[in-house]
file data-v4.cif (mmCIF, C-alpha atoms and all ligand atoms)
data_structure
loop_
_atom_site.label_atom_id
_atom_site.label_comp_id
_atom_site.auth_asym_id
_atom_site.auth_seq_id
_atom_site.Cartn_x
_atom_site.Cartn_y
_atom_site.Cartn_z
CA MET A 26 -24.97 9.20 47.39
CA ALA A 27 -22.10 6.78 47.95
CA THR A 28 -20.00 5.99 44.92
CA PRO A 29 -20.42 2.29 44.02
CA THR A 30 -17.16 0.39 44.35
CA LEU A 31 -16.15 -2.76 42.54
CA ASP A 32 -14.87 -5.48 44.82
CA LYS A 33 -11.57 -6.73 43.39
CA ALA A 34 -12.66 -10.31 43.99
CA ASP A 35 -15.71 -9.69 41.79
CA SER A 36 -13.86 -8.09 38.88
CA LYS A 37 -13.34 -10.35 35.90
CA PRO A 38 -10.10 -10.27 33.90
CA GLU A 39 -10.39 -9.03 30.36
CA ALA A 40 -11.07 -11.74 27.84
CA GLY A 41 -7.85 -13.55 26.96
CA PHE A 42 -5.85 -11.92 29.75
CA ALA A 43 -5.99 -14.82 32.20
CA ASP A 44 -4.17 -17.20 29.84
CA SER A 45 -1.42 -14.96 28.60
CA PRO A 46 -1.10 -15.35 24.85
CA TYR A 47 2.47 -14.04 24.96
CA ILE A 48 5.33 -16.12 23.62
CA THR A 49 9.07 -15.51 23.45
CA VAL A 50 10.40 -14.97 19.95
CA THR A 51 13.82 -14.17 18.53
CA LEU A 52 14.13 -11.64 15.75
CA ARG A 53 17.43 -12.03 13.90
CA ILE A 54 17.95 -8.66 12.23
CA ARG A 55 20.57 -7.77 9.63
CA ARG A 56 22.11 -4.59 11.05
CA PHE A 57 24.17 -2.07 9.12
CA ASN A 58 25.43 1.29 10.27
CA PRO A 59 28.07 2.83 8.00
CA GLU A 60 29.16 5.11 10.86
CA ILE A 61 30.18 2.06 12.89
CA SER A 62 31.29 -0.56 10.37
CA ALA A 63 31.47 -1.12 6.63
CA GLU A 64 30.14 -4.65 7.18
CA ALA A 65 26.57 -5.68 7.92
CA ALA A 66 26.02 -8.23 10.72
CA TRP A 67 23.16 -10.25 12.18
CA GLU A 68 21.95 -9.36 15.66
CA ASP A 69 19.45 -11.35 17.75
CA PHE A 70 16.73 -9.75 19.88
CA GLN A 71 14.44 -11.72 22.17
CA LEU A 72 11.06 -10.37 23.15
CA GLU A 73 7.67 -11.33 24.49
CA ILE A 74 4.89 -10.87 22.00
CA ASP A 75 1.37 -11.99 21.23
CA PRO A 76 1.72 -14.17 18.11
CA LYS A 77 -1.29 -12.39 16.65
CA GLU A 78 0.80 -9.22 16.51
CA ARG A 79 2.80 -8.31 13.45
CA VAL A 80 6.49 -8.18 12.66
CA LEU A 81 6.15 -4.38 12.62
CA ASP A 82 4.93 -4.51 16.25
CA ALA A 83 7.96 -6.63 17.16
CA LEU A 84 10.30 -4.12 15.50
CA HIS A 85 8.61 -1.30 17.42
CA LYS A 86 8.99 -3.15 20.72
CA ILE A 87 12.71 -3.68 20.02
CA LYS A 88 13.22 -0.05 19.05
CA TRP A 89 11.29 1.32 22.03
CA ASP A 90 12.48 -1.12 24.72
CA GLN A 91 15.86 -2.50 23.65
CA ASP A 92 17.71 -0.53 20.99
CA GLY A 93 16.55 2.91 19.86
CA SER A 94 19.09 2.90 17.04
CA LEU A 95 17.23 0.17 15.11
CA THR A 96 16.23 1.85 11.86
CA PHE A 97 13.33 0.99 9.58
CA ARG A 98 10.65 2.79 7.59
CA ARG A 99 6.94 2.64 8.29
CA SER A 100 4.07 5.05 8.16
CA CYS A 101 0.49 3.79 7.89
CA ALA A 102 1.00 0.40 9.61
CA HIS A 103 -1.96 -0.91 7.62
CA GLY A 104 -0.67 -2.03 4.23
CA ILE A 105 -1.39 1.22 2.42
CA CYS A 106 1.74 3.39 2.27
CA GLY A 107 4.14 0.67 1.08
CA SER A 108 7.06 1.91 3.17
CA ASP A 109 7.87 -1.21 5.23
CA ALA A 110 8.72 -3.85 2.63
CA MET A 111 11.53 -6.05 3.96
CA ARG A 112 12.81 -9.61 3.67
CA ILE A 113 11.25 -11.67 6.42
CA ASN A 114 12.45 -15.29 6.61
CA GLY A 115 13.94 -14.77 3.15
CA LYS A 116 10.75 -13.55 1.50
CA ASN A 117 9.71 -10.02 0.62
CA ARG A 118 6.74 -8.94 2.73
CA LEU A 119 5.25 -5.90 4.41
CA ALA A 120 6.15 -5.99 8.11
CA CYS A 121 2.74 -4.49 8.97
CA LYS A 122 0.88 -7.28 7.16
CA THR A 123 2.91 -10.21 8.49
CA LEU A 124 1.61 -11.89 11.64
CA ILE A 125 4.18 -13.49 13.93
CA LYS A 126 2.08 -16.69 14.13
CA ASP A 127 2.24 -17.13 10.35
CA ILE A 128 6.03 -17.26 10.09
CA ASN A 129 7.04 -20.07 12.44
CA PRO A 130 7.91 -18.14 15.62
CA GLU A 131 9.52 -21.24 17.15
CA LYS A 132 12.62 -20.51 15.12
CA PRO A 133 14.51 -17.20 14.90
CA ILE A 134 12.69 -14.90 12.47
CA THR A 135 15.16 -13.30 10.07
CA VAL A 136 14.54 -9.71 9.03
CA GLU A 137 16.71 -7.88 6.51
CA ALA A 138 16.53 -5.08 3.97
CA ILE A 139 15.08 -5.76 0.52
CA LYS A 140 17.67 -6.71 -2.10
CA GLY A 141 18.99 -4.85 -5.15
CA LEU A 142 18.91 -1.36 -3.61
CA THR A 143 21.73 0.17 -1.56
CA VAL A 144 21.25 -0.28 2.18
CA LEU A 145 21.57 3.06 3.97
CA LYS A 146 21.06 1.81 7.52
CA ASP A 147 19.63 -1.44 8.96
CA LEU A 148 16.36 -2.03 7.05
CA VAL A 149 16.33 1.26 5.15
CA VAL A 150 17.39 1.22 1.49
CA ASP A 151 17.94 4.02 -1.01
CA MET A 152 14.65 4.03 -2.97
CA GLU A 153 15.78 6.66 -5.47
CA PRO A 154 16.61 4.26 -8.38
CA PHE A 155 13.22 2.62 -7.85
CA PHE A 156 11.35 5.94 -7.94
CA GLN A 157 13.42 7.17 -10.90
CA ALA A 158 12.19 4.18 -12.96
CA TYR A 159 8.66 4.98 -11.78
CA ARG A 160 8.98 8.60 -12.88
CA ASP A 161 10.48 7.51 -16.22
CA VAL A 162 7.25 5.78 -17.31
CA MET A 163 5.24 8.98 -16.73
CA PRO A 164 2.74 7.63 -14.18
CA PHE A 165 0.02 10.21 -14.77
CA LEU A 166 -2.82 10.74 -17.23
CA ILE A 167 -1.73 12.41 -20.46
CA THR A 168 -4.27 13.76 -22.96
CA LYS A 169 -3.94 15.86 -26.07
CA ASP A 170 -7.23 17.68 -25.56
CA THR A 171 -6.99 21.39 -26.13
CA ASN A 172 -10.47 21.80 -24.67
CA GLU A 173 -10.32 20.42 -21.19
CA PRO A 174 -13.66 18.86 -20.18
CA THR A 175 -15.59 20.75 -17.56
CA ARG A 176 -16.76 17.48 -15.99
CA GLU A 177 -15.03 14.15 -15.33
CA ARG A 178 -13.73 12.07 -18.26
CA LEU A 179 -16.26 9.27 -18.57
CA GLN A 180 -15.22 5.67 -18.99
CA SER A 181 -17.22 2.47 -19.29
CA ALA A 182 -17.05 -0.11 -16.50
CA GLU A 183 -15.50 -2.51 -19.00
CA ASP A 184 -12.75 -0.05 -19.93
CA ARG A 185 -12.08 0.65 -16.26
CA GLU A 186 -11.81 -3.08 -15.55
CA ARG A 187 -9.03 -3.38 -18.14
CA PHE A 188 -6.43 -1.84 -15.81
CA ASP A 189 -8.11 -2.34 -12.43
CA ASP A 190 -5.47 -4.75 -11.10
CA THR A 191 -2.54 -2.41 -11.67
CA THR A 192 -4.27 0.52 -9.92
CA LYS A 193 -3.72 -1.33 -6.63
CA CYS A 194 0.05 -0.75 -6.54
CA ILE A 195 1.34 0.93 -3.38
CA LEU A 196 4.94 1.30 -4.63
CA CYS A 197 6.41 -0.87 -1.91
CA ALA A 198 9.16 -2.26 -4.20
CA ALA A 199 8.59 -5.84 -2.97
CA CYS A 200 8.29 -6.99 -6.60
CA THR A 201 11.25 -5.11 -8.07
CA SER A 202 13.54 -6.10 -5.20
CA SER A 203 12.60 -9.78 -5.57
CA CYS A 204 13.56 -9.84 -9.26
CA PRO A 205 16.86 -11.60 -10.10
CA VAL A 206 17.29 -9.44 -13.21
CA PHE A 207 17.08 -6.31 -11.05
CA TRP A 208 19.55 -7.78 -8.51
CA ASN A 209 22.09 -8.42 -11.24
CA ASP A 210 21.65 -5.15 -13.04
CA GLY A 211 19.93 -2.26 -11.30
CA GLN A 212 19.43 -0.61 -14.73
CA TYR A 213 16.34 -2.71 -15.47
CA PHE A 214 13.15 -0.67 -15.02
CA GLY A 215 11.78 -3.43 -12.81
CA PRO A 216 8.28 -4.84 -12.35
CA ALA A 217 6.81 -1.95 -10.36
CA ALA A 218 7.58 0.64 -13.05
CA ILE A 219 6.05 -1.64 -15.69
CA VAL A 220 2.95 -2.19 -13.53
CA ASN A 221 2.51 1.58 -13.26
CA ALA A 222 3.04 2.04 -17.00
CA HIS A 223 0.42 -0.68 -17.59
CA ARG A 224 -2.04 1.25 -15.42
CA PHE A 225 -1.97 4.14 -17.94
CA ILE A 226 -1.24 2.30 -21.21
CA PHE A 227 -4.51 0.40 -20.85
CA ASP A 228 -6.53 3.37 -19.61
CA SER A 229 -8.93 4.35 -22.44
CA ARG A 230 -8.71 8.04 -21.39
CA ASP A 231 -4.93 8.23 -21.75
CA GLU A 232 -3.24 9.23 -25.01
CA ALA A 233 0.44 8.57 -24.32
CA GLY A 234 0.41 4.77 -24.53
CA GLU A 235 2.74 4.72 -27.56
CA GLN A 236 5.22 6.94 -25.75
CA ARG A 237 5.22 4.73 -22.69
CA LEU A 238 5.62 1.61 -24.82
CA GLU A 239 8.64 3.13 -26.53
CA ILE A 240 10.17 3.91 -23.14
CA LEU A 241 9.69 0.28 -22.12
CA ASN A 242 11.03 -0.98 -25.46
CA ASP A 243 14.44 0.17 -24.24
CA LYS A 244 17.23 -2.36 -23.63
CA ASP A 245 16.50 -1.95 -19.91
CA GLY A 246 12.74 -2.27 -20.42
CA VAL A 247 10.22 -5.12 -20.49
CA TRP A 248 12.30 -7.48 -22.63
CA ARG A 249 14.67 -7.99 -19.69
CA CYS A 250 11.89 -9.81 -17.83
CA ARG A 251 12.61 -13.56 -17.59
CA THR A 252 9.13 -14.48 -16.30
CA THR A 253 10.34 -15.92 -13.01
CA PHE A 254 7.08 -14.94 -11.23
CA ASN A 255 9.04 -13.77 -8.15
CA CYS A 256 7.31 -10.41 -8.52
CA THR A 257 3.81 -11.87 -8.52
CA ASP A 258 4.65 -14.02 -5.48
CA ALA A 259 6.05 -11.01 -3.61
CA CYS A 260 3.27 -8.51 -4.25
CA PRO A 261 1.39 -7.83 -0.99
CA ARG A 262 -1.53 -6.40 -2.99
CA GLY A 263 -2.04 -9.60 -4.95
CA ILE A 264 -1.41 -7.87 -8.28
CA GLU A 265 -0.72 -10.26 -11.15
CA VAL A 266 2.54 -8.51 -11.89
CA THR A 267 3.95 -11.03 -14.37
CA LYS A 268 0.66 -11.00 -16.30
CA ALA A 269 0.78 -7.20 -16.51
CA ILE A 270 4.35 -7.38 -17.84
CA GLN A 271 3.26 -9.97 -20.42
CA GLU A 272 0.41 -7.69 -21.52
CA VAL A 273 2.82 -4.81 -22.02
CA LYS A 274 5.12 -7.07 -24.08
CA ARG A 275 2.16 -8.14 -26.21
CA ALA A 276 1.06 -4.52 -26.70
CA LEU A 277 4.58 -3.72 -27.90
CA ILE A 278 4.34 -6.42 -30.55
CA THR A 279 0.74 -5.87 -31.66
CA ARG A 280 0.49 -2.13 -30.89
CA ARG A 281 -3.01 -2.85 -29.71
CA PHE A 282 -3.94 -1.71 -26.23
S1 LIG A 301 3.28 -4.20 -7.90
FE1 LIG A 301 2.87 -4.99 -5.82
S2 LIG A 301 4.93 -5.52 -5.04
FE2 LIG A 301 5.23 -4.18 -6.80
S3 LIG A 301 5.45 -2.14 -5.93
FE3 LIG A 301 3.27 -2.42 -6.51
S4 LIG A 301 2.29 -3.19 -4.65
FE4 LIG A 301 4.48 -3.42 -4.32
S1 LIG A 302 3.58 0.72 7.16
FE1 LIG A 302 2.40 1.37 5.44
S2 LIG A 302 2.30 -0.44 4.23
FE2 LIG A 302 3.23 -1.13 6.06
#

call {"tool": "encode", "arguments": {"input": "data-v4.cif", "output": "structure tokens"}}
result
Amino acid sequence: MATPTLDKADSKPEAGFADSPYITVTLRIRRFNPEISAEAAWEDFQLEIDPKERVLDALHKIKWDQDGSLTFRRSCAHGICGSDAMRINGKNRLACKTLIKDINPEKPITVEAIKGLTVLKDLVVDMEPFFQAYRDVMPFLITKDTNEPTRERLQSAEDRERFDDTTKCILCAACTSSCPVFWNDGQYFGPAAIVNAHRFIFDSRDEAGEQRLEILNDKDGVWRCRTTFNCTDACPRGIEVTKAIQEVKRALITRRF
């Protein structure tokens, strides 16, 4: 039996292919390579891209097609791992959650490393001070039970709701690196550490709330917060970061949580 062939004239282009959606955009990237220069400098890259693609796609295209030395972190590409927070047009965002069409592609799109942490290369910062503050608040369940339960520790829906918002943190550092107090003095624990302390302080199953509150009562703890709301604006998970910080402050005063 003859194999059916498709006449080229009869074949239809894929939807959206006939009118190319591609546009030319300029990404203005803050480059830094300590092996080449002690100074950072802006570099422009032009590329063709579908405006429905993301800034992360644009960075990939530049790295793969134009300059393999461009350095940035990413892993999941879907807003889960928190590794690609960067300043895009002056605002902290996840590159994998930022569509080109949403950030005025008619003008050069600026991309630079998040602030307040040492830049190691291009868009990669040293996250160690950020993760040290996270470790300092003991972000894990602590109980004093000598008899470990053989089944899960039950909790009412109402008690679970109490800290639901702060469970959504993906440790991207967008909040902490948008905080002017953190920029001026990297000793401040920063919003992300407080959010992760909140997640356990208000968990009815946890028994180390007092300890965590004392850690955050430190001179570099919650009282450094100036309620600028930058952190809430920056959070890609929509966490009410400033509200969580306020709740921790209140718990420190009332000792009720
Ligand atoms: S609170 Fe939001 S902005 Fe801050 S680290 Fe967690 S997910 Fe990122
Ligand atoms: S690459 Fe994982 S959050 Fe963007």

call {"tool": "residues_near_ligand", "arguments": {"input": "data-v4.cif", "ligand": "ligand LIG 302 (chain A)", "cutoff": "9 Å", "atoms": "all atoms listed in the file", "output": "mmCIF file with C-alpha atoms, keeping the file's coordinate frame"}}
result
data_model
loop_
_atom_site.group_PDB
_atom_site.id
_atom_site.type_symbol
_atom_site.label_atom_id
_atom_site.label_comp_id
_atom_site.auth_asym_id
_atom_site.auth_seq_id
_atom_site.Cartn_x
_atom_site.Cartn_y
_atom_site.Cartn_z
ATOM 1 C CA LEU A 81 6.150 -4.380 12.620
ATOM 2 C CA ARG A 98 10.650 2.790 7.590
ATOM 3 C CA ARG A 99 6.940 2.640 8.290
ATOM 4 C CA SER A 100 4.070 5.050 8.160
ATOM 5 C CA CYS A 101 0.490 3.790 7.890
ATOM 6 C CA ALA A 102 1.000 0.400 9.610
ATOM 7 C CA HIS A 103 -1.960 -0.910 7.620
ATOM 8 C CA GLY A 104 -0.670 -2.030 4.230
ATOM 9 C CA ILE A 105 -1.390 1.220 2.420
ATOM 10 C CA CYS A 106 1.740 3.390 2.270
ATOM 11 C CA GLY A 107 4.140 0.670 1.080
ATOM 12 C CA SER A 108 7.060 1.910 3.170
ATOM 13 C CA ASP A 109 7.870 -1.210 5.230
ATOM 14 C CA ALA A 110 8.720 -3.850 2.630
ATOM 15 C CA LEU A 119 5.250 -5.900 4.410
ATOM 16 C CA ALA A 120 6.150 -5.990 8.110
ATOM 17 C CA CYS A 121 2.740 -4.490 8.970
ATOM 18 C CA LYS A 122 0.880 -7.280 7.160
ATOM 19 C CA ILE A 195 1.340 0.930 -3.380
ATOM 20 C CA CYS A 197 6.410 -0.870 -1.910
#

call {"tool": "closest_atom_pairs", "arguments": {"input": "data-v4.cif", "of": "chain A", "to": "ligand LIG 301 (chain A)", "cutoff": "9 Å", "atoms": "all atoms listed in the file", "output": "Markdown table"}}
result
| residue | atom | partner | partner_atom | distance |
| --- | --- | --- | --- | --- |
| A:Gly107 | CA | A:LIG301 | FE4 | 6.8 |
| A:Ala110 | CA | A:LIG301 | FE4 | 8.2 |
| A:Asn117 | CA | A:LIG301 | S2 | 8.7 |
| A:Arg118 | CA | A:LIG301 | S2 | 8.7 |
| A:Thr191 | CA | A:LIG301 | S1 | 7.2 |
| A:Thr192 | CA | A:LIG301 | FE3 | 8.8 |
| A:Lys193 | CA | A:LIG301 | S4 | 6.6 |
| A:Cys194 | CA | A:LIG301 | FE3 | 3.6 |
| A:Ile195 | CA | A:LIG301 | S4 | 4.4 |
| A:Leu196 | CA | A:LIG301 | S3 | 3.7 |
| A:Cys197 | CA | A:LIG301 | FE4 | 4.0 |
| A:Ala198 | CA | A:LIG301 | S3 | 4.1 |
| A:Ala199 | CA | A:LIG301 | S2 | 4.2 |
| A:Cys200 | CA | A:LIG301 | S2 | 4.0 |
| A:Thr201 | CA | A:LIG301 | FE2 | 6.2 |
| A:Ser202 | CA | A:LIG301 | S2 | 8.6 |
| A:Ser203 | CA | A:LIG301 | S2 | 8.8 |
| A:Gly215 | CA | A:LIG301 | FE2 | 8.9 |
| A:Pro216 | CA | A:LIG301 | FE2 | 6.4 |
| A:Ala217 | CA | A:LIG301 | FE2 | 4.5 |
| A:Ala218 | CA | A:LIG301 | S3 | 7.9 |
| A:Ile219 | CA | A:LIG301 | S1 | 8.7 |
| A:Val220 | CA | A:LIG301 | S1 | 6.0 |
| A:Asn221 | CA | A:LIG301 | FE3 | 7.9 |
| A:Cys256 | CA | A:LIG301 | S2 | 6.5 |
| A:Thr257 | CA | A:LIG301 | S2 | 7.3 |
| A:Asp258 | CA | A:LIG301 | S2 | 8.5 |
| A:Ala259 | CA | A:LIG301 | S2 | 5.8 |
| A:Cys260 | CA | A:LIG301 | S2 | 3.5 |
| A:Pro261 | CA | A:LIG301 | FE1 | 5.8 |
| A:Arg262 | CA | A:LIG301 | S4 | 5.3 |
| A:Gly263 | CA | A:LIG301 | FE1 | 6.8 |
| A:Ile264 | CA | A:LIG301 | FE1 | 5.7 |
| A:Glu265 | CA | A:LIG301 | S1 | 8.0 |
| A:Val266 | CA | A:LIG301 | S1 | 5.9 |

call {"tool": "atom_distance", "arguments": {"input": "data-v4.cif", "atom1": "atom CA of Leu238 of chain A", "atom2": "atom CA of Thr253 of chain A"}}
result
21.7 Å

call {"tool": "residues_around", "arguments": {"input": "data-v4.cif", "residues": "Glu131 of chain A", "least_positions_apart": "4", "cutoff": "10 Å", "atoms": "all atoms listed in the file", "output": "PDB file with C-alpha atoms, in the coordinates of the input"}}
result
ATOM      1  CA  ILE A  48       5.330 -16.120  23.620  1.00  0.00           C
ATOM      2  CA  THR A  49       9.070 -15.510  23.450  1.00  0.00           C
ATOM      3  CA  VAL A  50      10.400 -14.970  19.950  1.00  0.00           C
ATOM      4  CA  THR A  51      13.820 -14.170  18.530  1.00  0.00           C
ATOM      5  CA  ILE A 125       4.180 -13.490  13.930  1.00  0.00           C
ATOM      6  CA  LYS A 126       2.080 -16.690  14.130  1.00  0.00           C
TER       7      LYS A 126
END

call {"tool": "atom_distance", "arguments": {"input": "data-v4.cif", "atom1": "atom CA of Leu124 of chain A", "atom2": "atom CA of Leu52 of chain A"}}
result
13.2 Å

call {"tool": "residues_around", "arguments": {"input": "data-v4.cif", "residues": "Phe188 of chain A", "least_positions_apart": "4", "cutoff": "7 Å", "atoms": "all atoms listed in the file", "output": "PyMOL selection string"}}
result
chain A and resi 192+224+227-228

call {"tool": "closest_residue", "arguments": {"input": "data-v4.cif", "among": "A:Glu173, A:Glu235, A:Glu73, A:Asp243", "to": "Pro130 of chain A", "atoms": "only C-alpha atoms"}}
result
A:Glu73

call {"tool": "atom_distance", "arguments": {"input": "data-v4.cif", "atom1": "atom CA of His223 of chain A", "atom2": "atom CA of Ile270 of chain A"}}
result
7.8 Å

call {"tool": "residues_near_point", "arguments": {"input": "data-v4.cif", "point": "(7.3, -9.1, -23.2)", "cutoff": "10 Å", "atoms": "only C-alpha atoms", "output": "mmCIF file with C-alpha atoms, keeping the file's coordinate frame"}}
result
data_model
loop_
_atom_site.group_PDB
_atom_site.id
_atom_site.type_symbol
_atom_site.label_atom_id
_atom_site.label_comp_id
_atom_site.auth_asym_id
_atom_site.auth_seq_id
_atom_site.Cartn_x
_atom_site.Cartn_y
_atom_site.Cartn_z
ATOM 1 C CA LEU A 241 9.690 0.280 -22.120
ATOM 2 C CA ASN A 242 11.030 -0.980 -25.460
ATOM 3 C CA GLY A 246 12.740 -2.270 -20.420
ATOM 4 C CA VAL A 247 10.220 -5.120 -20.490
ATOM 5 C CA TRP A 248 12.300 -7.480 -22.630
ATOM 6 C CA ARG A 249 14.670 -7.990 -19.690
ATOM 7 C CA CYS A 250 11.890 -9.810 -17.830
ATOM 8 C CA ARG A 251 12.610 -13.560 -17.590
ATOM 9 C CA THR A 252 9.130 -14.480 -16.300
ATOM 10 C CA THR A 267 3.950 -11.030 -14.370
ATOM 11 C CA LYS A 268 0.660 -11.000 -16.300
ATOM 12 C CA ALA A 269 0.780 -7.200 -16.510
ATOM 13 C CA ILE A 270 4.350 -7.380 -17.840
ATOM 14 C CA GLN A 271 3.260 -9.970 -20.420
ATOM 15 C CA GLU A 272 0.410 -7.690 -21.520
ATOM 16 C CA VAL A 273 2.820 -4.810 -22.020
ATOM 17 C CA LYS A 274 5.120 -7.070 -24.080
ATOM 18 C CA ARG A 275 2.160 -8.140 -26.210
ATOM 19 C CA ALA A 276 1.060 -4.520 -26.700
ATOM 20 C CA LEU A 277 4.580 -3.720 -27.900
ATOM 21 C CA ILE A 278 4.340 -6.420 -30.550
#

call {"tool": "closest_atom_pairs", "arguments": {"input": "data-v4.cif", "of": "segment 84-131 of chain A", "to": "segment 136-151 of chain A", "cutoff": "8 Å", "atoms": "only C-alpha atoms", "output": "CSV"}}
result
residue,atom,partner,partner_atom,distance
A:Leu95,CA,A:Asp147,CA,6.8
A:Thr96,CA,A:Asp147,CA,5.5
A:Phe97,CA,A:Leu148,CA,5.0
A:Arg98,CA,A:Val149,CA,6.4
A:Ala110,CA,A:Ile139,CA,7.0
A:Met111,CA,A:Ile139,CA,5.0
A:Arg112,CA,A:Glu137,CA,5.1
A:Ile113,CA,A:Val136,CA,4.6
A:Asn114,CA,A:Val136,CA,6.4
A:Gly115,CA,A:Val136,CA,7.8
A:Asn117,CA,A:Ile139,CA,6.9
